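In what follows, a single structure is set out as structure tokens and then discussed.
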Amino acid sequence: MLNLFHLNSFVMLQQTGSFTQAAARLGVGQSTVSQHIQRLEKALGKQLIHRNTHEVKLTTEGEALLGYARSMLELNGKVESLFGESRLRGRLRLGVSEDVVASRLTSILEDFIRLHPLVDLELTVALSAVLYQMQDVGDLDLVLAKRHIGETQGRLLYREPLVWLARDPDHILSRGDTLPLIAFPPPSITRKIAQEALDREKMAWRIVCTCGSLSGLTAAARAGMGVLVQPRSMAPAGLKEIPAGKLPVLEDVEFVLVPRRGADAALTEALSSLIVARIVP
């Protein structure tokens with residue numbers, strides 16, 4: 001019979017791609033995670049991961065096991081929720097800004113539905129300002145989004161610099177006096193910050209691509225259509241940061257968690273705690 005603790009370490013290792021990060025998330029030593037994987041491989045008689053100095057990847061046998069491991073852990077979570085002391089249940093409506101979804105959300109959602117299988121989690125992805133509007137009218141219970149520096153709503157997670165990005169910065173900047181911008185539609189926070197920064201420096205700009213999806217904006221930027229503004233840690237692959245001094249300095253943004261007043265406190269705190277553990281640097 002497979003050990004659920006060993007399977008949990010295996011799934012976390014796949015999510016993080018690192019023994020060190022898997023151990024940190026599980027709250028155990030790195031050697032413990034390594035032992036769990038070794039014992040799982042011994043029990044199955046198969047090598048489950050490729051090990052090298054750069055990354056951890058699943059073998060073909062590891063890929064085959066992954067789905068079953070997740071199902072076993074999910075079923076165990078349901079049994080524990082039914083018969084254990086913790087019986088969180090109900091509906092939780094989460095709103096997340098588009099750029100966070102593209103970079104950090106998958107593992108958080110996987111862990112939450114595994115830990116709290118009786119909670120119906122509903123996800124809405126939109127611009128930060130739109131999410132706040134939805135929350136104001138009672139449509140969202142918890143929002144993970146950006147805010148301007150100086151605003152006070154929500155629980156601060158971390159602060160992040162915004163940067164100008166382009167496929168070929170030199171080519172974009174040599175195309176003329178008017179800067180081509182790729183941006184989310186209003187009321188996007190990053191769009192407003194970029195436009196205000198250019199206006200302060202009296203630099204001409206024009207919108208060449210508007211899209212509510214970060215994947216769409218990234219495709220346009222990778223095609224060389226113009227300049228995209230994003231938090232530095234969320235810069236899409238294939239784009240280069242424009243060197244300092246070429247364009248106006250952008251103000252930072254802050255990422256926050258905002259629970260709705262009157263929402264189920266146990267549900268919002270359960271997900272908030274998980275988000276803080278996974279996102280806060």
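Lettering and numbering for the structure tokens are positional, with chains as A, B, ... in the shown order, residues counted from 1 in each chain, and ligands counted from 1 in the shown order.
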
Compile a residue-level contact table for segment 190-250 of chain A against segment 155-167 of chain A at a cut-off of 10 Å, reporting for every qualifying residue the shortest atom pair and its distance in Å to one decimal, with only C-alpha atoms counted, rows ordered by chain and ascending number, as a Markdown table.
```
| residue | atom | partner | partner_atom | distance |
| --- | --- | --- | --- | --- |
| A:Thr190 | CA | A:Leu162 | CA | 7.9 |
| A:Ile193 | CA | A:Leu162 | CA | 9.1 |
| A:Ala194 | CA | A:Trp164 | CA | 8.7 |
| A:Thr218 | CA | A:Ala166 | CA | 9.5 |
| A:Ala220 | CA | A:Arg167 | CA | 9.6 |
| A:Ala221 | CA | A:Ala166 | CA | 6.0 |
| A:Arg222 | CA | A:Arg167 | CA | 5.4 |
| A:Ala223 | CA | A:Arg167 | CA | 7.4 |
| A:Gly224 | CA | A:Arg167 | CA | 5.7 |
| A:Met225 | CA | A:Ala166 | CA | 8.6 |
| A:Gly226 | CA | A:Ala166 | CA | 6.5 |
| A:Val227 | CA | A:Ala166 | CA | 5.0 |
| A:Leu228 | CA | A:Leu165 | CA | 5.1 |
| A:Val229 | CA | A:Trp164 | CA | 4.8 |
| A:Gln230 | CA | A:Leu162 | CA | 5.4 |
| A:Pro231 | CA | A:Leu162 | CA | 4.3 |
| A:Arg232 | CA | A:Leu162 | CA | 5.7 |
| A:Ser233 | CA | A:Glu160 | CA | 7.7 |
| A:Met234 | CA | A:Leu162 | CA | 9.5 |
| A:Ala235 | CA | A:Leu165 | CA | 7.6 |
| A:Pro236 | CA | A:Leu165 | CA | 8.9 |
| A:Ala237 | CA | A:Arg167 | CA | 9.6 |
| A:Gly238 | CA | A:Arg167 | CA | 6.4 |
| A:Leu239 | CA | A:Arg167 | CA | 4.6 |
| A:Lys240 | CA | A:Leu165 | CA | 5.4 |
| A:Glu241 | CA | A:Leu165 | CA | 4.6 |
| A:Ile242 | CA | A:Trp164 | CA | 5.5 |
| A:Pro243 | CA | A:Trp164 | CA | 8.4 |
| A:Ala244 | CA | A:Trp164 | CA | 9.2 |
| A:Lys246 | CA | A:Trp164 | CA | 9.6 |
| A:Leu247 | CA | A:Trp164 | CA | 7.8 |
| A:Pro248 | CA | A:Trp164 | CA | 9.2 |
| A:Val249 | CA | A:Val163 | CA | 8.2 |
| A:Leu250 | CA | A:Leu162 | CA | 5.9 |
```

Item to complete: Please provide the set of residues having any atom within 8 Å of Leu217 of chain A, restricted to only C-alpha atoms, with same-chain residues fewer than 3 positions apart removed, written as a list of chain:residue names.
Response: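 Returned residues: A:Ile182, A:Ala183, A:Phe184, A:Cys209, A:Thr210, A:Cys211, A:Ser213, A:Leu214, A:Ala220, A:Ala221, A:Leu228.
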
Would you mind exporting N, CA and C atoms of the selected residues as a CSV table (one decimal), in the first residue's frame?
```csv
chain,number,residue,atom,x,y,z
A,182,ILE,N,1.2,48.5,-25.7
A,182,ILE,CA,0.3,47.3,-25.7
A,182,ILE,C,-0.2,47.2,-24.3
A,183,ALA,N,-1.5,47.2,-24.1
A,183,ALA,CA,-2.1,47.4,-22.7
A,183,ALA,C,-3.4,46.7,-22.6
A,184,PHE,N,-3.7,46.4,-21.3
A,184,PHE,CA,-5.1,46.0,-20.9
A,184,PHE,C,-6.0,47.2,-21.2
A,209,CYS,N,-2.4,47.8,-29.3
A,209,CYS,CA,-3.0,46.6,-29.0
A,209,CYS,C,-3.7,46.7,-27.6
A,210,THR,N,-5.0,46.3,-27.6
A,210,THR,CA,-5.7,46.2,-26.3
A,210,THR,C,-6.3,44.9,-26.2
A,211,CYS,N,-6.1,44.2,-25.1
A,211,CYS,CA,-6.7,42.9,-24.9
A,211,CYS,C,-6.8,42.7,-23.4
A,213,SER,N,-6.7,39.8,-22.0
A,213,SER,CA,-5.9,38.6,-21.6
A,213,SER,C,-4.4,38.9,-21.7
A,214,LEU,N,-3.7,38.5,-20.7
A,214,LEU,CA,-2.2,38.7,-20.7
A,214,LEU,C,-1.6,37.8,-21.8
A,220,ALA,N,1.2,39.9,-28.8
A,220,ALA,CA,1.5,41.1,-29.5
A,220,ALA,C,2.9,41.6,-29.3
A,221,ALA,N,3.3,41.6,-28.0
A,221,ALA,CA,4.7,42.1,-27.7
A,221,ALA,C,5.7,41.2,-28.3
A,228,LEU,N,5.1,46.7,-23.6
A,228,LEU,CA,4.2,46.2,-22.6
A,228,LEU,C,4.7,46.5,-21.2
```

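Closest approach to Val258 of chain A from the set A:Gln153, A:Gln195, A:Ser128, A:Asn76 is made by A:Gln153, with distances taken over only C-alpha atoms.
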
Shell of 12 Å around Leu274 of chain A, only C-alpha atoms, local chain residues under 2 positions omitted, as a short mmCIF file (atom, residue, chain, number, x, y, z; two decimals) with C-alpha atoms, in the first residue's frame:
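Heads up, here's the output in selection-v7.cif:
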```cif
data_model
loop_
_atom_site.label_atom_id
_atom_site.label_comp_id
_atom_site.auth_asym_id
_atom_site.auth_seq_id
_atom_site.Cartn_x
_atom_site.Cartn_y
_atom_site.Cartn_z
CA ARG A 25 6.23 24.18 1.54
CA LEU A 26 5.71 20.92 3.39
CA LEU A 105 -2.11 30.46 -9.22
CA SER A 107 -0.30 25.31 -7.28
CA ILE A 108 -2.41 27.41 -4.88
CA LEU A 109 -5.66 26.14 -6.36
CA GLU A 110 -4.40 22.55 -6.41
CA ASP A 111 -3.50 22.69 -2.74
CA PHE A 112 -6.73 24.39 -1.66
CA ILE A 113 -9.10 21.94 -3.35
CA ARG A 114 -7.05 19.05 -2.01
CA LEU A 115 -7.08 20.39 1.54
CA HIS A 116 -10.72 21.54 1.49
CA LEU A 257 -5.63 40.30 -0.48
CA LEU A 267 -13.23 30.10 4.28
CA THR A 268 -11.49 33.36 3.36
CA GLU A 269 -8.80 32.83 6.00
CA ALA A 270 -8.14 29.25 4.88
CA LEU A 271 -7.43 30.39 1.33
CA SER A 272 -5.69 33.60 2.43
CA VAL A 276 0.40 34.11 1.83
CA ALA A 277 2.47 30.94 2.30
CA ARG A 278 2.90 30.49 -1.47
CA ILE A 279 3.23 34.08 -2.69
CA VAL A 280 4.90 36.28 -0.10
#
```

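The spacing separating atom CA of Asp99 of chain A from atom CA of Pro185 of chain A amounts to 13.8 Å.
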
Residue set, segment 83-187 of chain A restricted to helix (DSSP H, G or I), as a PDB file with N, CA and C atoms, in the first residue's frame:
```pdb
ATOM      1  N   PHE A  83     -14.988  13.181   8.272  1.00  0.00           N
ATOM      2  CA  PHE A  83     -14.941  12.551   9.581  1.00  0.00           C
ATOM      3  C   PHE A  83     -13.984  13.234  10.559  1.00  0.00           C
ATOM      4  N   GLU A  98      -5.368  39.192 -13.726  1.00  0.00           N
ATOM      5  CA  GLU A  98      -4.910  38.399 -14.864  1.00  0.00           C
ATOM      6  C   GLU A  98      -3.439  38.017 -14.765  1.00  0.00           C
ATOM      7  N   ASP A  99      -2.573  38.942 -14.345  1.00  0.00           N
ATOM      8  CA  ASP A  99      -1.144  38.642 -14.344  1.00  0.00           C
ATOM      9  C   ASP A  99      -0.765  37.642 -13.264  1.00  0.00           C
ATOM     10  N   VAL A 100      -1.488  37.634 -12.137  1.00  0.00           N
ATOM     11  CA  VAL A 100      -1.202  36.644 -11.093  1.00  0.00           C
ATOM     12  C   VAL A 100      -1.553  35.244 -11.581  1.00  0.00           C
ATOM     13  N   VAL A 101      -2.659  35.129 -12.317  1.00  0.00           N
ATOM     14  CA  VAL A 101      -3.092  33.836 -12.850  1.00  0.00           C
ATOM     15  C   VAL A 101      -2.012  33.227 -13.726  1.00  0.00           C
ATOM     16  N   ALA A 102      -1.380  34.072 -14.521  1.00  0.00           N
ATOM     17  CA  ALA A 102      -0.401  33.570 -15.474  1.00  0.00           C
ATOM     18  C   ALA A 102       0.863  33.049 -14.809  1.00  0.00           C
ATOM     19  N   SER A 103       1.106  33.422 -13.549  1.00  0.00           N
ATOM     20  CA  SER A 103       2.394  33.072 -12.969  1.00  0.00           C
ATOM     21  C   SER A 103       2.353  32.215 -11.710  1.00  0.00           C
ATOM     22  N   LEU A 105      -0.850  30.909  -9.807  1.00  0.00           N
ATOM     23  CA  LEU A 105      -2.107  30.456  -9.220  1.00  0.00           C
ATOM     24  C   LEU A 105      -2.294  28.944  -9.195  1.00  0.00           C
ATOM     25  N   THR A 106      -1.734  28.221 -10.141  1.00  0.00           N
ATOM     26  CA  THR A 106      -2.052  26.801 -10.300  1.00  0.00           C
ATOM     27  C   THR A 106      -1.809  25.993  -9.039  1.00  0.00           C
ATOM     28  N   SER A 107      -0.622  26.112  -8.461  1.00  0.00           N
ATOM     29  CA  SER A 107      -0.303  25.306  -7.281  1.00  0.00           C
ATOM     30  C   SER A 107      -1.170  25.691  -6.087  1.00  0.00           C
ATOM     31  N   ILE A 108      -1.547  26.971  -5.982  1.00  0.00           N
ATOM     32  CA  ILE A 108      -2.410  27.414  -4.879  1.00  0.00           C
ATOM     33  C   ILE A 108      -3.778  26.756  -4.984  1.00  0.00           C
ATOM     34  N   LEU A 109      -4.347  26.751  -6.175  1.00  0.00           N
ATOM     35  CA  LEU A 109      -5.662  26.140  -6.360  1.00  0.00           C
ATOM     36  C   LEU A 109      -5.605  24.644  -6.127  1.00  0.00           C
ATOM     37  N   GLU A 110      -4.545  23.992  -6.616  1.00  0.00           N
ATOM     38  CA  GLU A 110      -4.403  22.548  -6.411  1.00  0.00           C
ATOM     39  C   GLU A 110      -4.384  22.206  -4.927  1.00  0.00           C
ATOM     40  N   ASP A 111      -3.611  22.970  -4.172  1.00  0.00           N
ATOM     41  CA  ASP A 111      -3.495  22.693  -2.740  1.00  0.00           C
ATOM     42  C   ASP A 111      -4.810  22.961  -2.012  1.00  0.00           C
ATOM     43  N   PHE A 112      -5.495  24.036  -2.378  1.00  0.00           N
ATOM     44  CA  PHE A 112      -6.728  24.386  -1.662  1.00  0.00           C
ATOM     45  C   PHE A 112      -7.816  23.332  -1.878  1.00  0.00           C
ATOM     46  N   ILE A 113      -8.023  22.913  -3.114  1.00  0.00           N
ATOM     47  CA  ILE A 113      -9.099  21.941  -3.353  1.00  0.00           C
ATOM     48  C   ILE A 113      -8.739  20.572  -2.790  1.00  0.00           C
ATOM     49  N   ARG A 114      -7.449  20.298  -2.642  1.00  0.00           N
ATOM     50  CA  ARG A 114      -7.052  19.052  -2.009  1.00  0.00           C
ATOM     51  C   ARG A 114      -7.273  19.106  -0.502  1.00  0.00           C
ATOM     52  N   LEU A 115      -6.944  20.249   0.100  1.00  0.00           N
ATOM     53  CA  LEU A 115      -7.083  20.395   1.543  1.00  0.00           C
ATOM     54  C   LEU A 115      -8.529  20.593   1.985  1.00  0.00           C
ATOM     55  N   SER A 128      -7.748  44.223 -12.018  1.00  0.00           N
ATOM     56  CA  SER A 128      -7.867  44.492 -10.588  1.00  0.00           C
ATOM     57  C   SER A 128      -9.032  45.416 -10.275  1.00  0.00           C
ATOM     58  N   ALA A 129      -9.157  46.511 -11.021  1.00  0.00           N
ATOM     59  CA  ALA A 129     -10.225  47.478 -10.754  1.00  0.00           C
ATOM     60  C   ALA A 129     -11.604  46.854 -10.949  1.00  0.00           C
ATOM     61  N   VAL A 130     -11.738  45.987 -11.926  1.00  0.00           N
ATOM     62  CA  VAL A 130     -13.014  45.300 -12.168  1.00  0.00           C
ATOM     63  C   VAL A 130     -13.337  44.365 -11.006  1.00  0.00           C
ATOM     64  N   LEU A 131     -12.329  43.680 -10.506  1.00  0.00           N
ATOM     65  CA  LEU A 131     -12.538  42.770  -9.368  1.00  0.00           C
ATOM     66  C   LEU A 131     -13.024  43.534  -8.146  1.00  0.00           C
ATOM     67  N   TYR A 132     -12.445  44.697  -7.900  1.00  0.00           N
ATOM     68  CA  TYR A 132     -12.884  45.504  -6.757  1.00  0.00           C
ATOM     69  C   TYR A 132     -14.325  45.952  -6.928  1.00  0.00           C
ATOM     70  N   GLN A 133     -14.701  46.287  -8.148  1.00  0.00           N
ATOM     71  CA  GLN A 133     -16.086  46.683  -8.415  1.00  0.00           C
ATOM     72  C   GLN A 133     -17.041  45.525  -8.158  1.00  0.00           C
ATOM     73  N   MET A 134     -16.659  44.336  -8.593  1.00  0.00           N
ATOM     74  CA  MET A 134     -17.489  43.153  -8.360  1.00  0.00           C
ATOM     75  C   MET A 134     -17.621  42.860  -6.866  1.00  0.00           C
ATOM     76  N   GLN A 135     -16.520  43.032  -6.148  1.00  0.00           N
ATOM     77  CA  GLN A 135     -16.571  42.786  -4.704  1.00  0.00           C
ATOM     78  C   GLN A 135     -17.472  43.800  -3.999  1.00  0.00           C
ATOM     79  N   ASP A 136     -17.438  45.032  -4.462  1.00  0.00           N
ATOM     80  CA  ASP A 136     -18.259  46.085  -3.847  1.00  0.00           C
ATOM     81  C   ASP A 136     -19.754  45.775  -3.925  1.00  0.00           C
ATOM     82  N   PRO A 169      14.008  46.043 -27.686  1.00  0.00           N
ATOM     83  CA  PRO A 169      13.904  47.422 -27.204  1.00  0.00           C
ATOM     84  C   PRO A 169      14.520  48.458 -28.143  1.00  0.00           C
ATOM     85  N   ASP A 170      15.703  48.183 -28.669  1.00  0.00           N
ATOM     86  CA  ASP A 170      16.361  49.163 -29.538  1.00  0.00           C
ATOM     87  C   ASP A 170      15.528  49.435 -30.790  1.00  0.00           C
ATOM     88  N   HIS A 171      14.972  48.384 -31.368  1.00  0.00           N
ATOM     89  CA  HIS A 171      14.166  48.566 -32.580  1.00  0.00           C
ATOM     90  C   HIS A 171      12.897  49.366 -32.275  1.00  0.00           C
ATOM     91  N   ILE A 172      12.226  49.033 -31.174  1.00  0.00           N
ATOM     92  CA  ILE A 172      10.998  49.747 -30.808  1.00  0.00           C
ATOM     93  C   ILE A 172      11.276  51.219 -30.579  1.00  0.00           C
ATOM     94  N   LEU A 173      12.338  51.531 -29.862  1.00  0.00           N
ATOM     95  CA  LEU A 173      12.637  52.929 -29.533  1.00  0.00           C
ATOM     96  C   LEU A 173      13.143  53.719 -30.721  1.00  0.00           C
TER      97      LEU A 173
END
```

Fill in: Pairwise distance for atom CA of Ile149 of chain A and atom CA of Asp252 of chain A, rounded to one decimal in Å
6.7 Å

Discussion item. Can you measure atom CA of Glu41 of chain A to atom CA of Gly77 of chain A for me? One decimal in Å is fine.
Written reply: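 Here the two named atoms are 23.3 Å from each other.
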
Item to complete: Check the smallest atom-to-atom distance from each of A:Val56, A:Ala126, A:Leu7, A:Ile37 to Tyr68 of chain A using only C-alpha atoms, then report the winner.
Response: A:Leu7

Nearby residues (only C-alpha atoms) at most 7 Å from Ile49 of chain A, same-chain spacing under 6 positions excluded, as a short mmCIF file (atom, residue, chain, number, x, y, z; two decimals) with N, CA and C atoms, in the first residue's frame:
```cif
data_model
loop_
_atom_site.label_atom_id
_atom_site.label_comp_id
_atom_site.auth_asym_id
_atom_site.auth_seq_id
_atom_site.Cartn_x
_atom_site.Cartn_y
_atom_site.Cartn_z
N VAL A 56 14.43 19.17 -11.49
CA VAL A 56 13.85 17.85 -11.23
C VAL A 56 12.72 17.64 -12.21
N LYS A 57 12.77 16.55 -12.97
CA LYS A 57 11.73 16.23 -13.94
C LYS A 57 11.23 14.81 -13.70
N LEU A 58 9.95 14.61 -14.00
CA LEU A 58 9.37 13.28 -13.85
C LEU A 58 9.79 12.38 -15.00
N THR A 59 10.01 11.10 -14.69
CA THR A 59 10.20 10.10 -15.73
C THR A 59 8.83 9.76 -16.33
N GLY A 62 6.88 8.37 -13.63
CA GLY A 62 6.44 9.42 -12.72
C GLY A 62 5.24 10.18 -13.24
#
```

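With only C-alpha atoms as the atoms that count, the residue of A:Gly212, A:Gly95, A:Gly17, A:Gly90 with the shortest distance to Leu142 of chain A is A:Gly95.
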